[in-house]
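Asker: One file: entry28.txt (compact mmCIF, C-alpha atoms and all ligand atoms).
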```
# COMPACT_ATOMS: atom_id res chain seq x y z
CA MET A 69 14.44 -17.05 -1.75
CA PRO A 70 10.93 -17.87 -3.05
CA GLN A 71 10.21 -16.84 -6.65
CA ALA A 72 6.68 -15.54 -6.98
CA ALA A 73 6.25 -13.75 -10.32
CA THR A 74 5.58 -16.18 -13.16
CA HIS A 75 5.23 -13.75 -16.03
CA ARG A 76 8.29 -11.47 -16.01
CA SER A 77 8.51 -10.01 -19.50
CA ALA A 78 6.34 -8.63 -22.27
CA ALA A 79 6.77 -11.90 -24.17
CA ASP A 80 5.66 -13.86 -21.09
CA LEU A 81 2.50 -11.76 -20.79
CA VAL A 82 1.61 -12.28 -24.44
CA ALA A 83 2.44 -16.00 -24.33
CA ALA A 84 0.20 -16.38 -21.28
CA GLY A 85 -2.66 -14.68 -23.13
CA LEU A 86 -2.66 -11.77 -20.68
CA ALA A 87 -2.17 -9.25 -23.48
CA PRO A 88 -2.83 -9.52 -27.23
CA PRO A 89 0.17 -10.09 -29.56
CA GLU A 90 -0.39 -6.72 -31.24
CA ARG A 91 0.57 -5.02 -27.97
CA LEU A 92 3.92 -6.81 -27.69
CA LYS A 93 6.02 -3.88 -28.93
CA GLU A 94 4.26 -1.43 -26.59
CA LEU A 95 4.74 -3.78 -23.66
CA GLU A 96 8.40 -4.27 -24.49
CA GLN A 97 8.99 -0.51 -24.54
CA VAL A 98 7.47 -0.12 -21.09
CA ALA A 99 9.21 -3.24 -19.76
CA ALA A 100 12.55 -1.78 -20.85
CA ARG A 101 11.87 1.11 -18.47
CA TYR A 102 9.95 -0.39 -15.53
CA ALA A 103 9.83 -3.84 -13.93
CA VAL A 104 7.13 -6.26 -15.06
CA GLY A 105 5.89 -9.16 -12.95
CA VAL A 106 2.54 -10.92 -12.71
CA THR A 107 2.01 -14.05 -10.65
CA ALA A 108 -0.06 -17.00 -11.80
CA ASP A 109 -2.67 -16.17 -9.13
CA LEU A 110 -3.15 -12.62 -10.38
CA GLY A 111 -2.85 -13.68 -14.02
CA GLU A 112 -5.92 -15.87 -13.50
CA LEU A 113 -7.88 -12.81 -12.40
CA ILE A 114 -7.10 -10.74 -15.46
CA ASP A 115 -9.70 -10.48 -18.20
CA SER A 116 -7.38 -10.02 -21.16
CA THR A 117 -10.29 -9.26 -23.51
CA ASP A 118 -11.01 -6.09 -21.57
CA ARG A 119 -8.36 -3.36 -21.85
CA ASN A 120 -10.07 -1.66 -18.90
CA ASP A 121 -10.14 -4.68 -16.62
CA PRO A 122 -9.32 -3.29 -13.13
CA ILE A 123 -6.80 -6.05 -12.41
CA ALA A 124 -5.10 -5.65 -15.81
CA ARG A 125 -4.85 -1.88 -15.27
CA GLN A 126 -2.82 -2.53 -12.13
CA PHE A 127 -0.33 -5.03 -13.58
CA ILE A 128 -0.22 -5.01 -17.40
CA PRO A 129 2.11 -2.28 -18.74
CA ASP A 130 0.60 0.58 -20.71
CA ALA A 131 2.29 2.97 -23.13
CA ALA A 132 0.98 5.85 -21.00
CA GLU A 133 3.71 4.93 -18.50
CA LEU A 134 6.26 6.38 -20.90
CA ASP A 135 4.70 9.86 -20.50
CA ARG A 136 6.30 11.62 -17.59
CA GLN A 137 4.26 14.57 -16.30
CA ALA A 138 5.52 17.75 -14.66
CA GLY A 139 5.77 17.23 -10.92
CA GLU A 140 6.34 13.48 -11.15
CA SER A 141 9.47 12.28 -9.42
CA ALA A 142 11.63 9.17 -9.15
CA ASP A 143 11.32 9.49 -5.36
CA PRO A 144 7.84 10.97 -4.98
CA ILE A 145 7.53 10.60 -1.22
CA GLY A 146 11.09 11.63 -0.43
CA ASP A 147 12.52 8.40 0.97
CA ASP A 148 16.07 9.39 0.07
CA VAL A 149 16.25 12.59 2.10
CA HIS A 150 15.26 10.63 5.22
CA SER A 151 17.54 7.64 4.66
CA PRO A 152 20.53 7.97 7.01
CA ILE A 153 21.88 4.54 6.04
CA GLU A 154 20.98 1.87 3.50
CA GLY A 155 17.70 0.14 4.33
CA ILE A 156 16.44 2.72 6.84
CA VAL A 157 13.99 5.58 6.24
CA HIS A 158 13.57 7.67 9.39
CA ARG A 159 10.91 10.28 8.58
CA TYR A 160 8.94 10.44 11.84
CA PRO A 161 10.62 10.52 15.26
CA ASP A 162 9.15 7.32 16.71
CA ARG A 163 9.22 4.95 13.74
CA VAL A 164 11.43 3.78 10.90
CA LEU A 165 10.99 1.90 7.68
CA LEU A 166 13.31 -1.08 7.35
CA LYS A 167 13.48 -1.89 3.64
CA LEU A 168 14.42 -5.55 3.57
CA ALA A 169 13.85 -6.44 -0.07
CA TYR A 170 14.29 -4.69 -3.39
CA VAL A 171 11.98 -7.03 -5.26
CA CYS A 172 8.25 -7.79 -5.19
CA ALA A 173 5.97 -10.69 -6.01
CA VAL A 174 4.26 -8.49 -8.61
CA TYR A 175 5.07 -5.09 -10.08
CA CYS A 176 2.23 -2.60 -9.81
CA ARG A 177 2.04 -0.05 -12.63
CA PHE A 178 1.42 2.82 -10.18
CA CYS A 179 4.17 1.93 -7.70
CA PHE A 180 5.64 4.90 -5.83
CA ARG A 181 8.95 3.05 -5.53
CA ARG A 182 9.04 1.90 -9.17
CA GLU A 183 12.48 3.46 -9.66
CA MET A 184 13.84 1.55 -6.64
CA VAL A 185 12.40 -1.96 -6.99
CA GLY A 186 12.63 -4.70 -9.56
CA PRO A 187 15.03 -7.17 -11.09
CA GLY A 188 18.49 -6.09 -12.17
CA ARG A 189 19.52 -5.06 -8.68
CA ARG A 190 20.27 -6.87 -5.45
CA ARG A 191 17.17 -8.76 -4.26
CA ALA A 192 17.55 -7.99 -0.57
CA LEU A 193 19.47 -5.94 1.93
CA SER A 194 22.92 -7.51 2.39
CA GLY A 195 23.82 -9.10 5.72
CA ALA A 196 26.18 -6.23 6.54
CA ALA A 197 23.62 -3.56 5.63
CA LEU A 198 20.97 -5.35 7.70
CA ALA A 199 23.32 -5.50 10.69
CA ALA A 200 23.99 -1.76 10.36
CA ALA A 201 20.26 -1.01 10.07
CA LEU A 202 19.52 -3.04 13.20
CA ALA A 203 22.35 -1.24 15.02
CA TYR A 204 20.79 2.08 13.98
CA ILE A 205 17.45 1.03 15.51
CA ARG A 206 19.12 -0.39 18.62
CA ALA A 207 20.96 2.89 19.26
CA ARG A 208 17.82 5.07 19.17
CA PRO A 209 15.45 4.57 22.10
CA GLU A 210 12.87 6.85 20.51
CA ILE A 211 12.11 4.21 17.85
CA TRP A 212 8.85 2.61 19.03
CA GLU A 213 7.75 1.01 15.75
CA VAL A 214 9.63 -0.70 12.92
CA ILE A 215 7.87 -1.07 9.57
CA LEU A 216 9.24 -3.85 7.37
CA THR A 217 8.78 -2.89 3.76
CA GLY A 218 10.67 -2.93 0.48
CA GLY A 219 9.94 -4.06 -2.17
CA ASP A 220 7.89 -6.72 -0.49
CA PRO A 221 9.46 -8.27 2.62
CA LEU A 222 7.30 -11.39 2.39
CA ILE A 223 9.18 -12.42 -0.73
CA LEU A 224 11.97 -13.38 1.66
CA SER A 225 12.23 -16.85 3.14
CA ALA A 226 10.74 -17.64 6.54
CA ARG A 227 14.28 -18.26 7.79
CA ARG A 228 15.44 -14.77 6.83
CA LEU A 229 12.37 -13.09 8.18
CA ARG A 230 12.69 -15.01 11.44
CA ALA A 231 16.25 -13.72 11.83
CA VAL A 232 15.01 -10.13 11.47
CA THR A 233 12.02 -10.43 13.81
CA ALA A 234 14.19 -12.27 16.36
CA ALA A 235 16.69 -9.40 16.28
CA LEU A 236 13.88 -6.83 16.71
CA ALA A 237 12.45 -8.87 19.60
CA LEU A 238 15.68 -8.24 21.51
CA ILE A 239 15.39 -4.43 21.24
CA ASP A 240 13.50 -3.30 24.34
CA HIS A 241 12.31 0.07 23.06
CA VAL A 242 10.77 -1.39 19.88
CA LYS A 243 7.21 -2.27 20.82
CA VAL A 244 5.52 -2.68 17.43
CA VAL A 245 6.57 -4.43 14.23
CA ARG A 246 4.48 -3.70 11.15
CA ILE A 247 4.89 -5.57 7.87
CA HIS A 248 3.60 -4.20 4.56
CA THR A 249 2.91 -6.73 1.82
CA ARG A 250 1.01 -7.70 -1.31
CA VAL A 251 2.04 -11.37 -1.13
CA PRO A 252 -1.17 -12.80 0.44
CA ILE A 253 -2.95 -11.66 -2.74
CA ALA A 254 -0.19 -12.06 -5.30
CA ALA A 255 1.11 -15.44 -4.16
CA PRO A 256 -1.08 -16.77 -1.34
CA ALA A 257 0.72 -20.12 -1.22
CA LEU A 258 3.81 -18.32 0.12
CA ILE A 259 1.88 -17.55 3.33
CA THR A 260 2.69 -20.78 5.10
CA PRO A 261 2.26 -21.50 8.82
CA ALA A 262 6.07 -21.33 9.11
CA LEU A 263 6.08 -17.87 7.55
CA GLY A 264 3.33 -16.72 9.93
CA ARG A 265 5.40 -17.90 12.89
CA ALA A 266 8.48 -16.15 11.51
CA LEU A 267 6.68 -12.82 11.34
CA LYS A 268 5.87 -12.67 15.02
CA ALA A 269 8.49 -10.76 16.96
CA PHE A 270 8.35 -12.32 20.41
CA GLY A 271 7.00 -9.90 23.01
CA LYS A 272 6.08 -7.24 20.42
CA ALA A 273 2.78 -6.35 18.79
CA THR A 274 3.08 -7.55 15.18
CA TYR A 275 0.74 -6.25 12.48
CA VAL A 276 0.50 -7.15 8.80
CA VAL A 277 -0.78 -4.46 6.41
CA LEU A 278 -2.17 -5.89 3.19
CA HIS A 279 -2.07 -3.86 -0.02
CA ALA A 280 -5.34 -4.50 -1.91
CA ASN A 281 -7.12 -2.31 -4.44
CA HIS A 282 -10.10 -4.29 -5.75
CA ALA A 283 -12.47 -6.83 -4.19
CA ARG A 284 -11.65 -9.36 -6.93
CA GLU A 285 -8.11 -9.59 -5.53
CA LEU A 286 -9.55 -11.24 -2.43
CA THR A 287 -9.92 -14.68 -4.00
CA PRO A 288 -10.66 -17.75 -1.86
CA ALA A 289 -6.91 -18.51 -1.81
CA ALA A 290 -6.03 -14.94 -0.78
CA ARG A 291 -8.71 -14.99 1.92
CA ALA A 292 -7.34 -18.29 3.22
CA ALA A 293 -3.81 -16.86 3.30
CA CYS A 294 -5.00 -13.85 5.32
CA ALA A 295 -6.96 -16.16 7.63
CA ARG A 296 -3.76 -18.11 8.30
CA LEU A 297 -2.10 -14.91 9.51
CA VAL A 298 -5.05 -13.70 11.57
CA ASP A 299 -5.58 -17.15 13.09
CA ALA A 300 -1.88 -17.16 14.00
CA GLY A 301 -2.58 -14.10 16.14
CA ILE A 302 -1.42 -11.40 13.72
CA PRO A 303 -3.91 -8.53 13.38
CA MET A 304 -4.29 -7.25 9.83
CA LEU A 305 -4.89 -3.80 8.39
CA SER A 306 -5.13 -2.79 4.76
CA GLN A 307 -3.90 -0.01 2.55
CA SER A 308 -5.33 0.74 -0.86
CA VAL A 309 -4.37 3.18 -3.56
CA LEU A 310 -7.12 5.18 -5.18
CA LEU A 311 -6.71 4.37 -8.88
CA ARG A 312 -8.57 5.68 -11.88
CA GLY A 313 -10.45 2.89 -13.63
CA VAL A 314 -9.72 0.44 -10.82
CA ASN A 315 -11.57 1.52 -7.69
CA ASP A 316 -12.65 5.13 -8.24
CA ASP A 317 -16.39 4.70 -7.85
CA PRO A 318 -18.37 4.27 -4.62
CA ALA A 319 -19.74 0.81 -5.40
CA THR A 320 -16.33 -0.67 -6.28
CA LEU A 321 -14.61 0.95 -3.33
CA SER A 322 -17.39 -0.15 -0.95
CA ALA A 323 -17.13 -3.74 -2.20
CA LEU A 324 -13.38 -3.73 -1.55
CA LEU A 325 -13.68 -2.26 1.94
CA ARG A 326 -16.47 -4.65 2.93
CA ALA A 327 -14.54 -7.65 1.58
CA LEU A 328 -11.53 -6.64 3.66
CA VAL A 329 -13.55 -6.34 6.85
CA GLU A 330 -15.19 -9.72 6.12
CA CYS A 331 -11.63 -11.12 6.06
CA ARG A 332 -10.96 -9.54 9.50
CA ILE A 333 -8.75 -6.88 7.91
CA LYS A 334 -9.36 -3.33 9.09
CA PRO A 335 -9.11 -0.76 6.26
CA TYR A 336 -6.41 1.64 7.37
CA TYR A 337 -5.31 3.98 4.58
CA LEU A 338 -6.71 4.93 1.18
CA HIS A 339 -3.73 6.59 -0.48
CA HIS A 340 -4.07 9.32 -3.06
CA GLY A 341 -1.90 8.24 -6.01
CA ASP A 342 1.69 9.40 -5.57
CA LEU A 343 3.46 11.46 -8.25
CA ALA A 344 5.47 8.48 -9.48
CA PRO A 345 6.75 8.79 -13.05
CA GLY A 346 4.38 7.62 -15.78
CA THR A 347 1.37 7.12 -13.50
CA ALA A 348 -0.84 10.12 -14.36
CA HIS A 349 -3.28 7.89 -16.26
CA LEU A 350 -3.98 6.02 -13.02
CA ARG A 351 -4.38 9.00 -10.70
CA THR A 352 -7.64 10.73 -9.80
CA THR A 353 -7.87 14.34 -8.69
CA ILE A 354 -8.01 15.08 -4.98
CA ALA A 355 -11.51 16.53 -5.46
CA GLN A 356 -12.63 13.20 -6.95
CA GLY A 357 -11.04 11.35 -4.03
CA GLN A 358 -12.78 13.54 -1.49
CA ALA A 359 -16.13 13.06 -3.22
CA LEU A 360 -15.60 9.29 -3.14
CA VAL A 361 -14.73 9.28 0.54
CA ARG A 362 -17.78 11.44 1.23
CA ALA A 363 -19.90 8.90 -0.63
CA LEU A 364 -18.62 6.15 1.68
CA GLN A 365 -19.88 7.99 4.76
CA GLY A 366 -23.08 6.25 5.85
CA ARG A 367 -22.87 3.87 2.89
CA VAL A 368 -20.48 1.46 4.61
CA SER A 369 -19.92 0.68 8.27
CA GLY A 370 -17.44 2.69 10.29
CA LEU A 371 -15.33 -0.48 10.45
CA CYS A 372 -14.87 -0.17 6.68
CA GLN A 373 -13.77 3.47 6.63
CA PRO A 374 -10.10 4.11 5.77
CA ALA A 375 -8.38 7.47 6.20
CA TYR A 376 -7.79 9.21 2.85
CA MET A 377 -4.09 10.14 2.88
CA LEU A 378 -1.68 12.18 0.82
CA ASP A 379 2.04 11.59 1.06
CA ILE A 380 3.37 15.11 0.69
CA PRO A 381 6.01 15.23 -2.07
CA GLY A 382 9.51 15.93 -0.84
CA GLY A 383 9.44 13.68 2.19
CA HIS A 384 7.21 15.77 4.46
CA GLY A 385 5.14 12.77 5.54
CA LYS A 386 1.46 11.85 5.23
CA SER A 387 -1.53 14.07 5.91
CA PRO A 388 -5.22 13.13 5.96
CA ILE A 389 -7.02 14.91 3.10
CA GLY A 390 -10.55 13.57 3.51
CA PRO A 391 -13.55 15.88 3.47
CA SER A 392 -14.61 17.78 6.57
CA TYR A 393 -18.14 17.47 7.91
CA ILE A 394 -18.03 20.41 10.30
CA ARG A 395 -17.67 24.13 9.71
CA ALA A 396 -18.46 27.41 11.40
CA ALA A 397 -22.20 28.02 11.18
CA PRO A 398 -22.93 30.66 8.53
CA GLY A 399 -24.03 34.06 9.80
CA VAL A 400 -22.84 33.44 13.37
CA PRO A 401 -19.68 35.03 14.87
CA GLU A 402 -16.67 32.73 14.55
CA GLY A 403 -16.48 30.01 17.24
CA GLN A 404 -20.01 30.57 18.57
CA CYS A 405 -21.70 27.73 16.71
CA PHE A 406 -20.76 24.93 14.35
CA GLU A 407 -22.71 23.32 11.56
CA VAL A 408 -22.20 19.59 11.13
CA GLU A 409 -23.27 17.56 8.11
CA ASP A 410 -24.90 14.14 8.45
CA PHE A 411 -24.41 11.26 6.03
CA LYS A 412 -27.50 12.24 4.01
CA GLY A 413 -26.23 15.80 3.51
CA GLY A 414 -28.47 17.33 6.22
CA ARG A 415 -26.90 20.17 8.22
CA HIS A 416 -27.30 20.59 11.97
CA ALA A 417 -26.22 23.26 14.44
CA TYR A 418 -23.86 22.19 17.20
CA PRO A 419 -23.04 24.61 20.02
CA PRO A 420 -19.50 25.38 21.12
CA GLY A 421 -18.42 24.41 24.64
CA SER A 422 -20.56 21.26 24.67
CA ALA A 423 -17.83 19.01 26.00
CA GLY A 424 -19.11 19.35 29.59
CA ALA A 425 -17.62 21.09 32.60
S1 LIG B 501 4.05 -4.54 -4.29
FE1 LIG B 501 4.33 -2.46 -3.41
S2 LIG B 501 6.52 -1.98 -3.68
FE2 LIG B 501 6.02 -3.74 -5.03
S3 LIG B 501 5.51 -2.87 -7.02
FE3 LIG B 501 3.56 -3.08 -5.91
S4 LIG B 501 3.28 -1.08 -4.88
FE4 LIG B 501 5.46 -1.21 -5.50
```
Written as structure tokens, that's how I'd like the structure from this file.
Answerer:
Amino acid sequence: MPQAATHRSAADLVAAGLAPPERLKELEQVAARYAVGVTADLGELIDSTDRNDPIARQFIPDAAELDRQAGESADPIGDDVHSPIEGIVHRYPDRVLLKLAYVCAVYCRFCFRREMVGPGRRRALSGAALAAALAYIRARPEIWEVILTGGDPLILSARRLRAVTAALALIDHVKVVRIHTRVPIAAPALITPALGRALKAFGKATYVVLHANHARELTPAARAACARLVDAGIPMLSQSVLLRGVNDDPATLSALLRALVECRIKPYYLHHGDLAPGTAHLRTTIAQGQALVRALQGRVSGLCQPAYMLDIPGGHGKSPIGPSYIRAAPGVPEGQCFEVEDFKGGRHAYPPGSAGA
């Protein structure tokens, strides 16, 4: 199995100059609680002289992680209640998550699965558990889409991934295979032509969803890794997490979304930060998120617009929570006229029943 993370402990981070020696004790306390991992590629992006560097905020531990707030949960999106067998999360009728790996190339400080991923546990689903998970999918014709996730599935070898996609290719009712990953950014060299070939489930639509939160993550090497996937015929989407001090202003968010589209990656979801333990210092409020999304309207192309999503705690699934631009016109009986807002804030009447005969 490829080993991506280069800096795996507090001492590693200090030795690499990614954090000052005076923070060693603080980093060790956090590392004793949550996994630490920074690849050489991401380490090069970190400005260690700036405590507020947006890349450092995502990957360098912070003592604030030891503060657990009310409402935070070890399983903030309710994976467990929808996990009928190991490796499967079946929350929506027509799709399942297939969690192949329990490790990642890097460990993000805001991770919603931070209690479930990291060293000190099995790295990947066992052969027997994988066989049972595939049997579960095979036995349910309603499963249209399989989402490979983890951990990060692209930390697995091309040979292992090929075995999984080949098995999915043989299941008639599965039409779409979606793979969620941070590897093209964290360790772009792992995205080899052989890996790209291994990801394609023959006869199925295969998508890769890249997790990226700041335009600086899209280095020339990361862009080249994504281009290898897209050129191999794999469409790419992105998901980003709205993070305080990382991407929570319109200019930074616009730069990220534009950079993704320039890489032929369609922005898909902007996630509101989940209630993962010790992550309050990285979350915005929903009102701030809605204001940011509103600021994107008209500022960046429609191609760049992601849906702003909240994963409802308890396992109730995702809902879009972006702002609305249409409302009942004031002073008019309900349903008789709407008022719609344009991207400059202008308001315009729109009649009901205008969809034609
Ligand atoms: S790569 Fe994904 S699963 Fe892994 S630590 Fe980051 S957010 Fe969590």
Asker: Within 7 Å of (1.3, 12.8, -16.3), all atoms listed in the file: residues as a ChimeraX atom specification?
Answerer: /A:135-138,346-349
Asker: Generate the output file for the selected residues, C-alpha atoms, as a PDB file, in the frame of the given file.
Answerer:
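part_8.pdb, freshly written:
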```pdb
ATOM      1  CA  ASP A 135       4.700   9.860 -20.500  1.00  0.00           C
ATOM      2  CA  ARG A 136       6.300  11.620 -17.590  1.00  0.00           C
ATOM      3  CA  GLN A 137       4.260  14.570 -16.300  1.00  0.00           C
ATOM      4  CA  ALA A 138       5.520  17.750 -14.660  1.00  0.00           C
ATOM      5  CA  GLY A 346       4.380   7.620 -15.780  1.00  0.00           C
ATOM      6  CA  THR A 347       1.370   7.120 -13.500  1.00  0.00           C
ATOM      7  CA  ALA A 348      -0.840  10.120 -14.360  1.00  0.00           C
ATOM      8  CA  HIS A 349      -3.280   7.890 -16.260  1.00  0.00           C
TER       9      HIS A 349
END
```
Asker: Using all atoms listed in the file, which residues have at least one atom no more than 7 Å from ligand LIG 501 (chain B)? Output them as a ChimeraX atom specification.
Answerer: /A:171-176,178-182,185,218-220,249-250
Asker: Distance atom CA of A:Asp316-atom CA of A:Ala375, one decimal place?
Answerer: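 Separation of atom CA of A:Asp316 and atom CA of A:Ala375: 15.2 Å.
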Asker: Each residue of stretch 296-328 of chain A with at least one atom at most 12 Å from stretch 355-370 of chain A should appear once, together with its nearest atom pair and the corresponding distance in Å (one decimal); atoms considered: only C-alpha atoms; ordering: chain, then increasing residue number; output as a Markdown table.
Answerer:
```
| residue | atom | partner | partner_atom | distance |
| --- | --- | --- | --- | --- |
| A:Val309 | CA | A:Gly357 | CA | 10.6 |
| A:Leu310 | CA | A:Gly357 | CA | 7.4 |
| A:Leu311 | CA | A:Gly357 | CA | 9.5 |
| A:Arg312 | CA | A:Gln356 | CA | 9.9 |
| A:Asn315 | CA | A:Leu360 | CA | 9.9 |
| A:Asp316 | CA | A:Leu360 | CA | 7.2 |
| A:Asp317 | CA | A:Leu360 | CA | 6.6 |
| A:Pro318 | CA | A:Leu360 | CA | 5.9 |
| A:Ala319 | CA | A:Leu364 | CA | 8.9 |
| A:Thr320 | CA | A:Leu360 | CA | 10.5 |
| A:Leu321 | CA | A:Leu364 | CA | 8.3 |
| A:Ser322 | CA | A:Val368 | CA | 6.6 |
| A:Ala323 | CA | A:Val368 | CA | 9.2 |
| A:Leu324 | CA | A:Val368 | CA | 10.7 |
| A:Leu325 | CA | A:Val368 | CA | 8.2 |
| A:Arg326 | CA | A:Val368 | CA | 7.5 |
| A:Ala327 | CA | A:Val368 | CA | 11.3 |
```
Asker: For each of A:Ile211, A:Val408, A:Met377, A:Ala290, take the minimum atom-to-atom distance to A:Ser392, counting all atoms listed in the file, then give the residue where this is smallest.
Answerer: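 Checking each of A:Ile211, A:Val408, A:Met377, A:Ala290 against A:Ser392, counting all atoms listed in the file, the winner is A:Val408.
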Asker: Counting all atoms listed in the file, which residues come within 12 Å of (16.9, -2.4, 15.6), with the point read in the file's coordinates, and could you list them as number ranges by chain?
Answerer: A: 155-156, 163-166, 198-216, 231-245, 269
Asker: Find the spatial neighbours of A:Arg415, counting all atoms listed in the file, within a cut-off of 12 Å - ignore same-chain residues fewer than 2 positions away - and output them as a list in words.
Answerer: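 My reading of the contact set: Tyr393, Ile394, Arg395, Ala396, Ala397, Pro398, Phe406, Glu407, Val408, Glu409, Asp410, Phe411, Lys412, Gly413, Ala417 and Tyr418 of chain A.
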Asker: Output as a Markdown table one row per residue of stretch 111-187 of chain A within 8 Å of stretch 278-289 of chain A: the closest atom pair and its distance in Å to one decimal place, counting only C-alpha atoms, sorted by chain and residue number ascending.
Answerer:
```
| residue | atom | partner | partner_atom | distance |
| --- | --- | --- | --- | --- |
| A:Leu113 | CA | A:Arg284 | CA | 7.5 |
| A:Pro122 | CA | A:His282 | CA | 7.5 |
| A:Ile123 | CA | A:His282 | CA | 7.6 |
```
